[in-house]
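What follows is a short report on a single structure.
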Amino acid sequence: MTGPLDGTVALVTGASSGIGEATARSLGAQGAAVGLLARRRDRLVALADGMRADGAVAVAVETDIADPEQAAAAVERVAAELGRLDTVVNNAGFMGVGPVADSPLDEWDRMLAVNVQGLLHVTHAALPHLLRAAQDSPRQVADLVNISSTGGRVARPGTAVYNLTKFGVNGFSEALRQEVMGRRVRVSVVEPGTVATELGTHLRDGVRERVAQQVEGLELLRPEDIADAVTYIVTRDRRVAVNEILVRASEQTW
């Protein structure tokens with residue numbers, strides 16, 4: 001059986017859990033060979049082994065994308081080992097929540113390092129590969145998908161710096177889309193609402209409880225729901241560019 005992404009190579013950051021893991025599995029099931037990037041090597045190796053058992057091709061690369069040298073080396077390794085690079089999913093993220101006056105600076109620094117700088121590091125290293133792939137791929141297209149958030153559309157009290165990072169991702173993505181769209185590289189943004197992932201475990205004590213109260217009774221999205229959106233984007237014919245998908249939980253109001 002053939003898949004729509006046969007002969008292509010994808011790279012997914014933050015692949016050790018949640019949306020990243022689900023996306024890697026989904027792209028592998030569609031025929032792509034997948035480079036898995038994250039800091040937790042044990043999780044990556046387990047995921048790669050599981051994907052291979054299902055018949056997919058996967059390479060685990062332990063890296064911290066906040067470090068520009070590590071990010072660039074990881075992108076080059078994936079391209080070298082798998083032969084090319086057609087799809088990049090910038091999924092890695094960190095969320096810190098709380099009033100500006102009470103938030104520690106190191107939390108802000110981590111959000112900026114992962115959500116913004118990490119995404120930029122990977123994109124900068126991957127873009128030459130995507131531009132080449134768009135020219136020689138049988139599909140005649142390459143894809144860059146950035147995972148943003150409803151926090152990139154709606155600012156709320158207590159999420160100011162997280163909003164800063166995700167609004168920034170959206171603005172960067174739109175500008176880059178216009179730069180490369182004539183060269184058959186599609187740039188897309190997926191904005192998830194509340195998803196049942198490990199992201200909430202990043203929250204500080206006290207803040208975690210308040211956030212849990214806000215979503216109490218809400219049926220959260222699953223990582224697979226966001227993976228479905230990403231897969232839909234990258235499996236379209238080259239004539240179709242799905243630039244933005246907003247995915248909220250059915251009862252989510254923000």
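Chain labels A, B, ... are given in the sequence in which chains occur in the structure tokens; within each chain residues are numbered consecutively from 1, and ligands are likewise numbered from 1 in the order shown.
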Practice task
Determine, counting only C-alpha atoms, which protein, DNA and RNA residues have an atom within 8 Å of an atom of range 242-244 of chain A; residues of the same chain fewer than 2 positions away are not included. Present the result as JSON, numbers by chain.
Solution key: {"A": [186, 187, 188, 189, 190, 191, 233, 240, 246]}
Exercise for the section: Could you find all residues in range 9-235 of chain A that DSSP calls alpha helix (DSSP H) from the backbone, and write them as a PyMOL selection string? Expected result: chain A and resi 18-29+41-53+68-82+105-111+119-136+160-180+207-214+223-234
Exercise for the section: Can you pull out every residue within 12 Å of range 174-177 of chain A, counting only C-alpha atoms, but drop anything in the same chain fewer than 2 positions away, and send it as an MDAnalysis selection string? Expected result: chainID A and resid 120 123:124 127 142:146 167:172 179:189 241:244
Handout entry: Among listed residues A:Gly98, A:Pro138, A:Gly50, A:Pro128, nearest Asn163 in chain A (using only C-alpha atoms)
Key =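 Of the candidates, the smallest distance to Asn163 in chain A is held by A:Gly98.
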Exercise for the section: Name the residues in contact with range 70-75 of chain A at a cut-off of 7 Å, using only C-alpha atoms, excluding same-chain residues fewer than 2 positions from it; report them as JSON, numbers by chain. Expected result: {"A": [61, 63, 64, 65, 67, 68, 77, 78, 79, 121, 122, 125, 126]}
Go ahead and save the residues from that selection, with all heavy atoms, as a compact mmCIF listing (two decimals), in the first residue's frame.
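Result file is out_21.txt:
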# COMPACT_ATOMS: atom_id res chain seq x y z
N VAL A 61 16.70 12.00 17.11
CA VAL A 61 17.82 12.92 17.28
C VAL A 61 17.60 13.74 18.55
O VAL A 61 16.75 14.63 18.60
CB VAL A 61 17.96 13.88 16.07
CG1 VAL A 61 19.19 14.76 16.25
CG2 VAL A 61 18.04 13.10 14.77
N THR A 63 18.11 16.60 20.88
CA THR A 63 18.62 17.96 20.68
C THR A 63 17.80 18.97 21.46
O THR A 63 16.62 18.73 21.74
CB THR A 63 18.60 18.33 19.18
OG1 THR A 63 19.27 19.57 18.98
CG2 THR A 63 17.19 18.46 18.66
N ASP A 64 18.42 20.07 21.80
CA ASP A 64 17.73 21.21 22.39
C ASP A 64 17.71 22.31 21.34
O ASP A 64 18.72 22.94 21.06
CB ASP A 64 18.47 21.69 23.65
CG ASP A 64 17.76 22.84 24.35
OD1 ASP A 64 16.76 23.35 23.81
OD2 ASP A 64 18.21 23.24 25.44
N ILE A 65 16.55 22.54 20.74
CA ILE A 65 16.46 23.48 19.63
C ILE A 65 16.70 24.92 20.07
O ILE A 65 16.91 25.79 19.23
CB ILE A 65 15.12 23.38 18.89
CG1 ILE A 65 13.95 23.69 19.82
CG2 ILE A 65 14.97 22.01 18.24
CD1 ILE A 65 12.63 23.89 19.10
N ASP A 67 19.29 25.87 21.42
CA ASP A 67 20.70 26.07 21.09
C ASP A 67 20.82 26.07 19.56
O ASP A 67 20.54 25.05 18.92
CB ASP A 67 21.52 24.92 21.69
CG ASP A 67 23.01 25.06 21.44
OD1 ASP A 67 23.39 25.48 20.31
OD2 ASP A 67 23.80 24.74 22.33
N PRO A 68 21.23 27.18 18.96
CA PRO A 68 21.25 27.24 17.49
C PRO A 68 22.16 26.21 16.85
O PRO A 68 21.83 25.69 15.77
CB PRO A 68 21.72 28.68 17.20
CG PRO A 68 22.38 29.16 18.45
CD PRO A 68 21.68 28.45 19.57
N ARG A 77 21.52 16.44 10.23
CA ARG A 77 21.60 14.99 10.42
C ARG A 77 20.39 14.30 9.81
O ARG A 77 20.52 13.27 9.14
CB ARG A 77 21.72 14.66 11.91
CG ARG A 77 21.75 13.17 12.17
CD ARG A 77 21.90 12.82 13.63
NE ARG A 77 21.61 11.42 13.87
CZ ARG A 77 21.53 10.87 15.07
NH1 ARG A 77 21.76 11.60 16.16
NH2 ARG A 77 21.25 9.58 15.19
N VAL A 78 19.21 14.84 10.06
CA VAL A 78 18.00 14.24 9.49
C VAL A 78 18.07 14.24 7.97
O VAL A 78 17.80 13.23 7.31
CB VAL A 78 16.74 14.99 9.98
CG1 VAL A 78 15.51 14.52 9.19
CG2 VAL A 78 16.53 14.76 11.47
N ALA A 79 18.45 15.37 7.39
CA ALA A 79 18.53 15.46 5.93
C ALA A 79 19.57 14.51 5.37
O ALA A 79 19.37 13.90 4.30
CB ALA A 79 18.84 16.90 5.52
N HIS A 121 15.51 28.87 14.85
CA HIS A 121 16.72 28.10 14.58
C HIS A 121 16.44 26.95 13.62
O HIS A 121 17.20 26.73 12.65
CB HIS A 121 17.29 27.53 15.89
CG HIS A 121 17.73 28.57 16.86
ND1 HIS A 121 17.81 28.32 18.22
CD2 HIS A 121 18.09 29.87 16.70
CE1 HIS A 121 18.21 29.41 18.84
NE2 HIS A 121 18.39 30.37 17.94
N VAL A 122 15.37 26.23 13.88
CA VAL A 122 15.03 25.08 13.03
C VAL A 122 14.63 25.56 11.64
O VAL A 122 15.06 25.00 10.62
CB VAL A 122 13.92 24.23 13.67
CG1 VAL A 122 13.42 23.17 12.70
CG2 VAL A 122 14.42 23.58 14.96
N ALA A 125 17.65 26.66 9.52
CA ALA A 125 18.47 25.53 9.04
C ALA A 125 17.73 24.69 8.00
O ALA A 125 18.35 24.15 7.08
CB ALA A 125 18.86 24.65 10.23
N ALA A 126 16.42 24.60 8.13
CA ALA A 126 15.65 23.72 7.25
C ALA A 126 15.25 24.35 5.93
O ALA A 126 15.04 23.64 4.94
CB ALA A 126 14.38 23.25 7.99
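CA of Ala133 in chain A to CA of Thr8 in chain A spans 8.8 Å [interatomic distance, one decimal].
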When you look at Glu219 in chain A with a cut-off of 8 Å (counting only C-alpha atoms), what residues show up, excluding the ones that are within fewer than 6 positions of it in the same chain? I need them as an mmCIF file with all heavy atoms, in the first residue's frame.
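Generated file (selection.cif):
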data_model
loop_
_atom_site.group_PDB
_atom_site.id
_atom_site.type_symbol
_atom_site.label_atom_id
_atom_site.label_comp_id
_atom_site.auth_asym_id
_atom_site.auth_seq_id
_atom_site.Cartn_x
_atom_site.Cartn_y
_atom_site.Cartn_z
ATOM 1 N N ALA A 249 -11.405 23.049 21.307
ATOM 2 C CA ALA A 249 -12.325 22.098 21.914
ATOM 3 C C ALA A 249 -13.741 22.601 21.689
ATOM 4 O O ALA A 249 -13.978 23.811 21.670
ATOM 5 C CB ALA A 249 -12.034 21.958 23.409
ATOM 6 N N SER A 250 -14.673 21.688 21.511
ATOM 7 C CA SER A 250 -16.028 22.078 21.104
ATOM 8 C C SER A 250 -16.663 23.121 22.017
ATOM 9 O O SER A 250 -17.420 23.982 21.562
ATOM 10 C CB SER A 250 -16.926 20.841 21.056
ATOM 11 O OG SER A 250 -16.490 19.959 20.043
ATOM 12 N N GLU A 251 -16.354 23.065 23.321
ATOM 13 C CA GLU A 251 -16.998 23.972 24.283
ATOM 14 C C GLU A 251 -16.098 25.128 24.707
ATOM 15 O O GLU A 251 -16.445 25.887 25.607
ATOM 16 C CB GLU A 251 -17.424 23.171 25.524
ATOM 17 C CG GLU A 251 -18.418 22.050 25.201
ATOM 18 C CD GLU A 251 -18.221 20.836 26.101
ATOM 19 O OE1 GLU A 251 -17.087 20.611 26.576
ATOM 20 O OE2 GLU A 251 -19.219 20.120 26.309
#
Handout entry: Those of range 60-251 of chain A in DSSP strand (DSSP E), formatted as number ranges by chain
Key = A: 60-62, 87-90, 142-147, 185-192, 244-247
Practice task
Could you tell me how far CA of Leu11 in chain A lies from CA of Val141 in chain A, in Å and to one decimal?
Solution key: 15.3 Å
Practice task
Please measure the separation of CA of His129 in chain A and CA of Ala33 in chain A, giving the value in Å to one decimal.
Solution key: 15.0 Å
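Non-sequential neighbours of Arg40 in chain A (distance at most 12 Å, separation of 6 or more positions within a chain, only C-alpha atoms) are Thr13, Gly14, Ala15, Ser16, Ser17, Ala46, Leu47, Ala60, Val61, Glu62, Thr63 and Asp64 of chain A.
Neighbours of range 221-229 of chain A closer than or equal to 8 Å, with only C-alpha atoms counted and sequence neighbours fewer than 6 positions away skipped, come out as Gly18, Ile19, Gly20, Ala22, Thr23, Ser26, Val190, Pro192, Gly193, Thr194, Val195, Ala196, Thr197, Ile245, Val247, Arg248 and Ala249 of chain A.
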Handout entry: Closest of A:Ala101, A:Leu36, A:Ala66, A:Val88 to Val116 in chain A - atom-to-atom distances counting only C-alpha atoms
Key =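 Closest to Val116 in chain A, using only C-alpha atoms: A:Ala66.
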